[in-house]
$ cat model-v1.cif   # mmCIF, C-alpha atoms
data_my_file
#
loop_
_atom_site.label_atom_id
_atom_site.label_comp_id
_atom_site.auth_asym_id
_atom_site.auth_seq_id
_atom_site.Cartn_x
_atom_site.Cartn_y
_atom_site.Cartn_z
CA MET A 12 45.88 19.84 45.89
CA GLU A 13 46.99 17.56 48.73
CA LYS A 14 50.75 17.22 49.09
CA GLN A 15 52.46 13.99 48.13
CA LYS A 16 53.29 12.17 51.37
CA VAL A 17 56.79 10.71 51.77
CA VAL A 18 57.76 8.57 54.77
CA LEU A 19 61.45 8.03 55.53
CA VAL A 20 61.68 4.82 57.56
CA THR A 21 64.92 4.70 59.52
CA GLY A 22 66.37 3.62 62.84
CA LEU A 23 68.61 1.07 64.49
CA SER A 24 69.34 -2.20 62.74
CA GLY A 25 67.19 -4.88 64.34
CA ALA A 26 64.63 -2.40 65.68
CA GLY A 27 61.97 -3.24 63.08
CA LYS A 28 62.49 -1.21 59.90
CA THR A 29 61.73 -4.18 57.64
CA SER A 30 58.57 -4.95 59.59
CA ALA A 31 57.49 -1.31 59.44
CA MET A 32 57.98 -1.21 55.67
CA ALA A 33 55.89 -4.37 55.31
CA VAL A 34 53.05 -2.79 57.30
CA LEU A 35 53.13 0.38 55.20
CA GLU A 36 53.13 -1.69 52.01
CA ASP A 37 50.03 -3.54 53.24
CA MET A 38 48.44 -0.12 53.78
CA GLY A 39 48.96 0.84 50.14
CA TYR A 40 52.25 2.70 50.34
CA HIS A 41 54.77 2.41 47.53
CA CYS A 42 57.75 1.04 49.47
CA ILE A 43 61.34 1.26 48.23
CA ASP A 44 64.34 -0.20 50.05
CA ARG A 45 67.92 0.93 49.35
CA PHE A 46 66.99 3.58 46.81
CA PRO A 47 70.20 4.92 45.15
CA VAL A 48 71.08 8.20 46.81
CA PHE A 49 72.44 9.69 43.57
CA MET A 50 68.96 9.36 42.02
CA ILE A 51 67.05 11.08 44.82
CA GLU A 52 66.70 14.47 43.09
CA ASP A 53 65.30 12.78 39.97
CA LEU A 54 62.81 10.90 42.16
CA VAL A 55 61.62 14.13 43.78
CA LYS A 56 61.15 15.77 40.38
CA ASP A 57 59.10 12.78 39.19
CA ILE A 58 56.94 12.85 42.33
CA GLU A 59 56.26 16.58 42.02
CA ALA A 60 55.48 16.23 38.30
CA MET A 61 52.93 13.45 38.80
CA LYS A 62 49.67 15.08 39.85
CA ASP A 63 47.54 11.96 39.42
CA GLY A 64 48.39 10.53 42.84
CA THR A 65 50.62 7.75 41.48
CA TYR A 66 53.12 8.40 44.26
CA SER A 67 50.73 9.96 46.77
CA ASN A 68 52.05 7.67 49.50
CA LEU A 69 55.72 6.71 49.27
CA ALA A 70 57.89 5.03 51.92
CA LEU A 71 61.68 4.83 51.66
CA SER A 72 63.93 2.80 53.96
CA VAL A 73 67.00 4.94 54.66
CA ASN A 74 70.24 4.18 56.51
CA ALA A 75 72.27 6.58 58.64
CA ALA A 76 74.84 7.33 55.96
CA ASP A 77 72.28 8.52 53.41
CA PHE A 78 69.70 10.06 55.74
CA ASP A 79 70.89 13.68 55.60
CA ILE A 80 70.67 13.80 51.80
CA PHE A 81 67.20 12.23 51.72
CA TYR A 82 65.96 14.45 54.54
CA ARG A 83 67.31 17.69 53.10
CA THR A 84 66.07 16.93 49.58
CA PHE A 85 62.50 16.10 50.61
CA LYS A 86 62.39 18.88 53.21
CA ASN A 87 63.09 21.40 50.44
CA SER A 88 60.54 19.83 48.09
CA GLU A 89 56.78 20.23 47.75
CA CYS A 90 56.24 16.88 49.48
CA GLU A 91 54.93 16.33 53.00
CA LEU A 92 57.79 14.61 54.83
CA ILE A 93 57.33 12.23 57.76
CA VAL A 94 60.30 10.56 59.45
CA LEU A 95 59.47 7.26 61.17
CA PHE A 96 62.26 6.20 63.54
CA LEU A 97 62.40 2.64 64.91
CA ASP A 98 64.26 2.32 68.20
CA ALA A 99 65.03 -0.40 70.75
CA SER A 100 67.23 -0.84 73.80
CA LYS A 101 70.79 -2.07 73.37
CA GLU A 102 70.00 -5.14 75.45
CA GLN A 103 67.02 -6.03 73.27
CA LEU A 104 69.02 -5.58 70.06
CA LEU A 105 71.73 -7.90 71.38
CA LEU A 106 69.12 -10.54 72.15
CA ARG A 107 67.49 -10.23 68.73
CA TYR A 108 70.75 -10.59 66.83
CA LYS A 109 71.84 -13.57 68.92
CA TYR A 110 68.44 -15.22 68.50
CA ASN A 111 68.25 -14.65 64.73
CA ARG A 112 71.97 -15.42 64.24
CA ARG A 113 72.38 -12.62 61.73
CA ASN A 114 75.36 -10.33 61.25
CA HIS A 115 75.02 -6.64 61.99
CA PRO A 116 75.44 -4.43 58.86
CA LEU A 117 78.44 -2.65 60.39
CA ILE A 118 80.19 -5.98 60.95
CA VAL A 119 79.49 -7.02 57.36
CA ALA A 120 80.97 -3.70 56.19
CA ASN A 121 84.05 -4.25 58.42
CA LEU A 122 83.21 -1.12 60.42
CA ALA A 123 82.96 -2.96 63.74
CA ASN A 124 84.71 -5.96 65.28
CA GLY A 125 81.82 -7.33 67.29
CA LEU A 126 78.08 -7.08 67.84
CA GLU A 127 78.18 -4.83 70.91
CA GLU A 128 80.65 -2.47 69.24
CA ALA A 129 78.46 -2.35 66.13
CA ILE A 130 75.32 -1.48 68.09
CA ASP A 131 77.13 1.23 70.09
CA ALA A 132 78.51 2.74 66.88
CA GLU A 133 75.11 2.77 65.22
CA ILE A 134 73.44 4.36 68.23
CA GLU A 135 76.00 7.16 67.96
CA GLN A 136 75.41 7.49 64.19
CA PHE A 137 71.68 7.88 64.69
CA SER A 138 71.81 10.29 67.66
CA ASN A 139 71.30 13.41 65.51
CA ILE A 140 68.83 11.69 63.19
CA LYS A 141 66.52 10.64 66.01
CA SER A 142 66.00 14.27 67.04
CA ARG A 143 64.53 15.02 63.60
CA ALA A 144 62.01 12.19 63.66
CA SER A 145 58.31 12.94 63.33
CA ILE A 146 57.43 9.62 64.95
CA ILE A 147 59.57 7.48 67.25
CA ILE A 148 58.47 3.93 68.04
CA ASP A 149 60.32 2.01 70.74
CA THR A 150 59.97 -1.68 69.82
CA THR A 151 61.79 -3.02 72.90
CA PHE A 152 58.64 -4.45 74.45
CA LEU A 153 56.52 -4.72 71.29
CA THR A 154 55.47 -7.91 69.56
CA GLN A 155 55.09 -7.94 65.78
CA GLN A 156 51.34 -7.60 66.26
CA ASN A 157 51.80 -4.62 68.61
CA LEU A 158 54.08 -2.86 66.12
CA THR A 159 51.69 -3.48 63.25
CA SER A 160 48.77 -2.14 65.26
CA ARG A 161 50.65 0.99 66.34
CA ILE A 162 51.77 1.89 62.81
CA LYS A 163 48.33 1.25 61.34
CA ARG A 164 46.60 3.30 64.00
CA PHE A 165 48.87 6.27 63.49
CA PHE A 166 48.94 6.34 59.70
CA LYS A 167 45.20 5.72 59.55
CA ILE A 168 44.40 8.86 61.53
CA GLU A 169 47.49 10.97 60.81
CA GLY A 170 45.95 12.84 57.90
CA ASN A 171 42.98 14.15 59.88
CA GLN A 172 44.80 16.62 62.11
CA SER A 173 48.21 18.18 62.42
CA LEU A 174 49.03 16.54 65.76
CA SER A 175 48.27 13.06 67.06
CA LEU A 176 48.74 12.13 70.72
CA SER A 177 49.89 8.83 72.13
CA PHE A 178 49.46 8.29 75.88
CA ILE A 179 51.49 5.39 77.30
CA SER A 180 51.38 3.96 80.82
CA PHE A 181 54.45 2.13 82.10
CA GLY A 182 56.13 0.76 85.20
CA TYR A 183 59.52 2.09 86.26
CA ARG A 184 60.56 -1.49 87.06
CA LYS A 185 60.94 -2.11 83.32
CA GLY A 186 62.47 1.23 82.46
CA LEU A 187 61.37 4.32 80.56
CA PRO A 188 59.69 4.09 77.14
CA MET A 189 62.41 5.18 74.70
CA ASP A 190 59.91 6.80 72.33
CA ALA A 191 58.44 9.15 74.95
CA ASP A 192 58.59 12.90 74.29
CA LEU A 193 57.23 13.84 77.72
CA VAL A 194 57.45 11.70 80.87
CA PHE A 195 55.50 12.21 84.10
CA ASP A 196 56.13 10.27 87.31
CA VAL A 197 52.91 9.63 89.29
CA ARG A 198 54.42 7.48 92.04
CA PHE A 199 53.57 10.25 94.52
CA LEU A 200 49.85 9.51 94.13
CA ASN A 201 48.09 7.21 96.61
CA ASN A 202 48.62 3.60 95.52
CA PRO A 203 45.60 1.27 95.15
CA TYR A 204 47.99 -1.68 95.47
CA TRP A 205 47.91 -1.25 99.23
CA GLU A 206 44.13 -1.68 99.25
CA GLU A 207 43.62 -5.45 99.37
CA SER A 208 40.30 -5.30 97.52
CA LEU A 209 41.93 -3.41 94.62
CA ARG A 210 45.32 -5.11 94.43
CA SER A 211 44.39 -7.69 91.77
CA MET A 212 42.62 -5.08 89.61
CA THR A 213 44.11 -2.49 87.25
CA GLY A 214 43.41 1.07 86.20
CA ASN A 215 41.11 -0.37 83.54
CA ASP A 216 38.74 -1.44 86.31
CA LYS A 217 36.30 1.19 87.56
CA PRO A 218 36.99 0.73 91.31
CA VAL A 219 40.71 1.38 90.78
CA PHE A 220 40.10 4.21 88.31
CA ASP A 221 37.72 5.93 90.73
CA TYR A 222 40.12 5.43 93.66
CA VAL A 223 42.96 7.10 91.78
CA ILE A 224 41.13 9.84 89.88
CA ASN A 225 38.78 10.99 92.64
CA ASP A 226 41.57 11.45 95.16
CA GLU A 227 42.14 15.11 96.07
CA LYS A 228 45.86 14.86 95.35
CA THR A 229 45.16 13.47 91.86
CA GLN A 230 42.62 16.17 91.09
CA GLU A 231 45.15 18.89 91.88
CA PHE A 232 47.82 17.12 89.80
CA LEU A 233 45.49 16.77 86.79
CA LYS A 234 44.62 20.46 86.96
CA TYR A 235 48.26 21.51 86.62
CA LEU A 236 49.11 18.71 84.18
CA THR A 237 46.37 19.64 81.72
CA GLN A 238 47.34 23.32 81.91
CA PHE A 239 50.87 22.39 80.90
CA LEU A 240 49.79 19.91 78.21
CA ASP A 241 47.34 22.36 76.64
CA TYR A 242 50.16 24.86 76.29
CA ALA A 243 52.72 22.29 75.11
CA PHE A 244 50.44 20.74 72.47
CA GLU A 245 49.92 24.12 70.81
CA ARG A 246 53.67 24.72 70.73
CA TYR A 247 54.34 21.29 69.21
CA ILE A 248 51.76 22.01 66.51
CA GLU A 249 53.67 25.20 65.67
CA GLU A 250 56.80 23.04 65.28
CA SER A 251 54.95 20.68 62.86
CA LYS A 252 55.20 17.70 65.20
CA HIS A 253 53.16 14.78 63.84
CA LEU A 254 53.01 12.46 66.84
CA LEU A 255 53.63 13.38 70.46
CA THR A 256 54.09 10.56 72.97
CA VAL A 257 53.25 11.31 76.60
CA ALA A 258 54.36 8.62 79.06
CA ILE A 259 52.91 8.25 82.55
CA GLY A 260 54.85 6.05 84.96
CA CYS A 261 54.19 4.42 88.31
CA THR A 262 55.93 1.55 90.08
CA GLY A 263 54.46 -1.44 88.25
CA GLY A 264 52.44 0.09 85.44
CA GLN A 265 49.17 -1.46 86.60
CA HIS A 266 47.18 1.01 88.70
CA ARG A 267 48.04 4.70 88.91
CA SER A 268 49.66 5.22 85.51
CA VAL A 269 46.93 3.23 83.76
CA SER A 270 44.21 5.28 85.44
CA ILE A 271 45.87 8.59 84.53
CA VAL A 272 46.40 7.52 80.90
CA ASN A 273 42.77 6.45 80.60
CA TRP A 274 41.68 9.81 82.00
CA LEU A 275 43.95 11.76 79.64
CA TYR A 276 42.75 9.73 76.67
CA GLU A 277 39.13 10.57 77.41
CA ASN A 278 39.99 14.21 78.10
CA TYR A 279 41.82 14.81 74.80
CA ASP A 280 40.20 12.33 72.42
CA LYS A 281 37.60 14.78 71.11
CA GLN A 282 40.16 17.51 70.48
CA TYR A 283 43.01 15.47 68.97
CA ASN A 284 43.63 12.18 67.22
CA THR A 285 44.45 10.18 70.31
CA LEU A 286 45.95 6.75 70.98
CA LYS A 287 46.64 4.96 74.24
CA ASP A 288 48.79 1.99 75.18
CA HIS A 289 49.35 0.26 78.51
CA ARG A 290 52.87 -1.04 77.97
CA ASP A 291 53.25 -3.23 81.04
CA MET A 292 49.69 -4.48 81.30
CA PRO A 293 49.39 -8.31 81.18
CA GLU A 294 47.41 -9.42 78.12
CA ASP A 295 44.77 -11.14 80.25
CA LYS A 296 43.99 -7.81 81.97
CA GLU A 297 43.88 -5.49 78.95
#

$ encode --input "model-v1.cif" --output "structure tokens"
Amino acid sequence: MEKQKVVLVTGLSGAGKTSAMAVLEDMGYHCIDRFPVFMIEDLVKDIEAMKDGTYSNLALSVNAADFDIFYRTFKNSECELIVLFLDASKEQLLLRYKYNRRNHPLIVANLANGLEEAIDAEIEQFSNIKSRASIIIDTTFLTQQNLTSRIKRFFKIEGNQSLSLSFISFGYRKGLPMDADLVFDVRFLNNPYWEESLRSMTGNDKPVFDYVINDEKTQEFLKYLTQFLDYAFERYIEESKHLLTVAIGCTGGQHRSVSIVNWLYENYDKQYNTLKDHRDMPEDKE
């Protein structure tokens, strides 16, 4: 019989936990916010006793203080546990709180004197929790629609294989993707930007893709990269990793990184559940 799936939704305040729970609820998950920690063992017993699928998909929103108890209890149960961690940059969290004019939970609880202090304290609280996440989603640059799409894509395909891959292109000008497990810098590859006929195009356009991929330097890089990734993916499967995010960066996130991500997506799509996202691609060029 298929294991009961339990998703612990956690992460920084303001990073999108409420939005993530709403998406999961729309997908048919039984979503519970602020479940009493002293009742968690009774909940697990009820889930394991119900074999009719009543709680086959359960999502619980969990804060930092209660996470260890929830995690340990479900990890030692018969349930399949997935930890979804929502993250965002400190700068983005500051902007969101100032825009929404809401108080941070740590300020409400008198555990911090100001917004910046509260965010710093929570980042520290979640540092050990983040390392145990099955899935990390960095919402810094995501719209609500982007977040919804990413969650739906993952949870739609997650049950088919033990490991799903997410390839992300990005530009170093806007910083590293915070949800990346592996990061590769391809700024050493020949840059199509300096070819006037290719400058206005992106790695989604065939002339740019061919320019990047067919270059001798790129071919050698891809040979060694795929050797490493093939090895790493097998090791992550052994560690029961659910989603592995591989980020490829170039200067602006338009040409080289996009081409490499498109190539990797095509190379691994038949072997794994595979997603791709061009983080810094303008919407009119996607």

$ closest_residue --input "model-v1.cif" --among "A:Phe199, A:His289, A:Tyr279, A:Arg246" --to "Thr262 (chain A)" --atoms "all atoms listed in the file"
A:Phe199

$ resolve_selection --input "model-v1.cif" --expression "the PyMOL selection byres ((chain A and resi 223) around 10)" --output "ChimeraX atom specification"
/A:200-203,214,217-222,224-230,266-271

$ atom_distance --input "model-v1.cif" --atom1 "CA of Ala129 (chain A)" --atom2 "CA of Asn111 (chain A)"
16.0 Å

$ residues_around --input "model-v1.cif" --residues "Lys86 (chain A)" --least-positions-apart "2" --cutoff "12 Å" --atoms "all atoms listed in the file" --output "PDB file with C-alpha atoms, in the coordinates of the input"
ATOM      1  CA  LYS A  16      53.290  12.170  51.370  1.00  0.00           C
ATOM      2  CA  VAL A  17      56.790  10.710  51.770  1.00  0.00           C
ATOM      3  CA  VAL A  18      57.760   8.570  54.770  1.00  0.00           C
ATOM      4  CA  LEU A  19      61.450   8.030  55.530  1.00  0.00           C
ATOM      5  CA  GLU A  52      66.700  14.470  43.090  1.00  0.00           C
ATOM      6  CA  VAL A  55      61.620  14.130  43.780  1.00  0.00           C
ATOM      7  CA  PHE A  78      69.700  10.060  55.740  1.00  0.00           C
ATOM      8  CA  ASP A  79      70.890  13.680  55.600  1.00  0.00           C
ATOM      9  CA  ILE A  80      70.670  13.800  51.800  1.00  0.00           C
ATOM     10  CA  PHE A  81      67.200  12.230  51.720  1.00  0.00           C
ATOM     11  CA  TYR A  82      65.960  14.450  54.540  1.00  0.00           C
ATOM     12  CA  ARG A  83      67.310  17.690  53.100  1.00  0.00           C
ATOM     13  CA  THR A  84      66.070  16.930  49.580  1.00  0.00           C
ATOM     14  CA  SER A  88      60.540  19.830  48.090  1.00  0.00           C
ATOM     15  CA  GLU A  89      56.780  20.230  47.750  1.00  0.00           C
ATOM     16  CA  CYS A  90      56.240  16.880  49.480  1.00  0.00           C
ATOM     17  CA  GLU A  91      54.930  16.330  53.000  1.00  0.00           C
ATOM     18  CA  LEU A  92      57.790  14.610  54.830  1.00  0.00           C
ATOM     19  CA  ILE A  93      57.330  12.230  57.760  1.00  0.00           C
ATOM     20  CA  VAL A  94      60.300  10.560  59.450  1.00  0.00           C
ATOM     21  CA  ARG A 143      64.530  15.020  63.600  1.00  0.00           C
TER      22      ARG A 143
END

$ atom_distance --input "model-v1.cif" --atom1 "CA of Gly182 (chain A)" --atom2 "CA of Glu207 (chain A)"
19.9 Å

$ closest_residue --input "model-v1.cif" --among "A:Phe195, A:Phe152, A:Trp274, A:Phe166" --to "Arg290 (chain A)" --atoms "only C-alpha atoms"
A:Phe152

$ closest_residue --input "model-v1.cif" --among "A:Ala99, A:Ala33, A:Ile58, A:Leu236" --to "Phe85 (chain A)" --atoms "only C-alpha atoms"
A:Ile58

$ axis_aligned_box --input "model-v1.cif" --around "region 127-132 of chain A" --padding-each-side "6 Å" --output "JSON"
{"center_x": 78.0, "center_y": -1.0, "center_z": 68.5, "size_x": 17.3, "size_y": 19.6, "size_z": 16.8}

$ residues_around --input "model-v1.cif" --residues "Asp131 (chain A)" --least-positions-apart "6" --cutoff "12 Å" --atoms "all atoms listed in the file" --output "PDB file with C-alpha atoms, in the frame of the given file"
ATOM      1  CA  LEU A  23      68.610   1.070  64.490  1.00  0.00           C
ATOM      2  CA  SER A  24      69.340  -2.200  62.740  1.00  0.00           C
ATOM      3  CA  SER A 100      67.230  -0.840  73.800  1.00  0.00           C
ATOM      4  CA  LYS A 101      70.790  -2.070  73.370  1.00  0.00           C
ATOM      5  CA  GLU A 102      70.000  -5.140  75.450  1.00  0.00           C
ATOM      6  CA  LEU A 104      69.020  -5.580  70.060  1.00  0.00           C
ATOM      7  CA  LEU A 105      71.730  -7.900  71.380  1.00  0.00           C
ATOM      8  CA  HIS A 115      75.020  -6.640  61.990  1.00  0.00           C
ATOM      9  CA  LEU A 117      78.440  -2.650  60.390  1.00  0.00           C
ATOM     10  CA  LEU A 122      83.210  -1.120  60.420  1.00  0.00           C
ATOM     11  CA  ALA A 123      82.960  -2.960  63.740  1.00  0.00           C
ATOM     12  CA  ASN A 124      84.710  -5.960  65.280  1.00  0.00           C
ATOM     13  CA  GLY A 125      81.820  -7.330  67.290  1.00  0.00           C
ATOM     14  CA  PHE A 137      71.680   7.880  64.690  1.00  0.00           C
ATOM     15  CA  SER A 138      71.810  10.290  67.660  1.00  0.00           C
TER      16      SER A 138
END

$ atom_distance --input "model-v1.cif" --atom1 "CA of Ile51 (chain A)" --atom2 "CA of Met32 (chain A)"
18.7 Å

$ resolve_selection --input "model-v1.cif" --expression "the PyMOL selection byres ((chain A and resi 194) around 8)" --output "ChimeraX atom specification"
/A:191-193,195-196,257-260

$ closest_residue --input "model-v1.cif" --among "A:Ser251, A:Gln238, A:Ser67, A:Ser175" --to "Thr285 (chain A)" --atoms "all atoms listed in the file"
A:Ser175

$ resolve_selection --input "model-v1.cif" --expression "the PyMOL selection byres ((chain A and resi 255) around 9)" --output "list in words"
Ser145, Ile146, Ile147, Leu174, Ser175, Leu176, Ser177, Phe178, Ala191, Asp192, Leu193, Phe244, Tyr247, Lys252, His253, Leu254, Thr256 and Val257 of chain A

$ closest_residue --input "model-v1.cif" --among "A:Cys261, A:Val119, A:Leu126, A:Ala144" --to "Arg184 (chain A)" --atoms "only C-alpha atoms"
A:Cys261

$ closest_residue --input "model-v1.cif" --among "A:Ser208, A:Asn68, A:Thr150, A:Gln103" --to "Asp190 (chain A)" --atoms "all atoms listed in the file"
A:Thr150
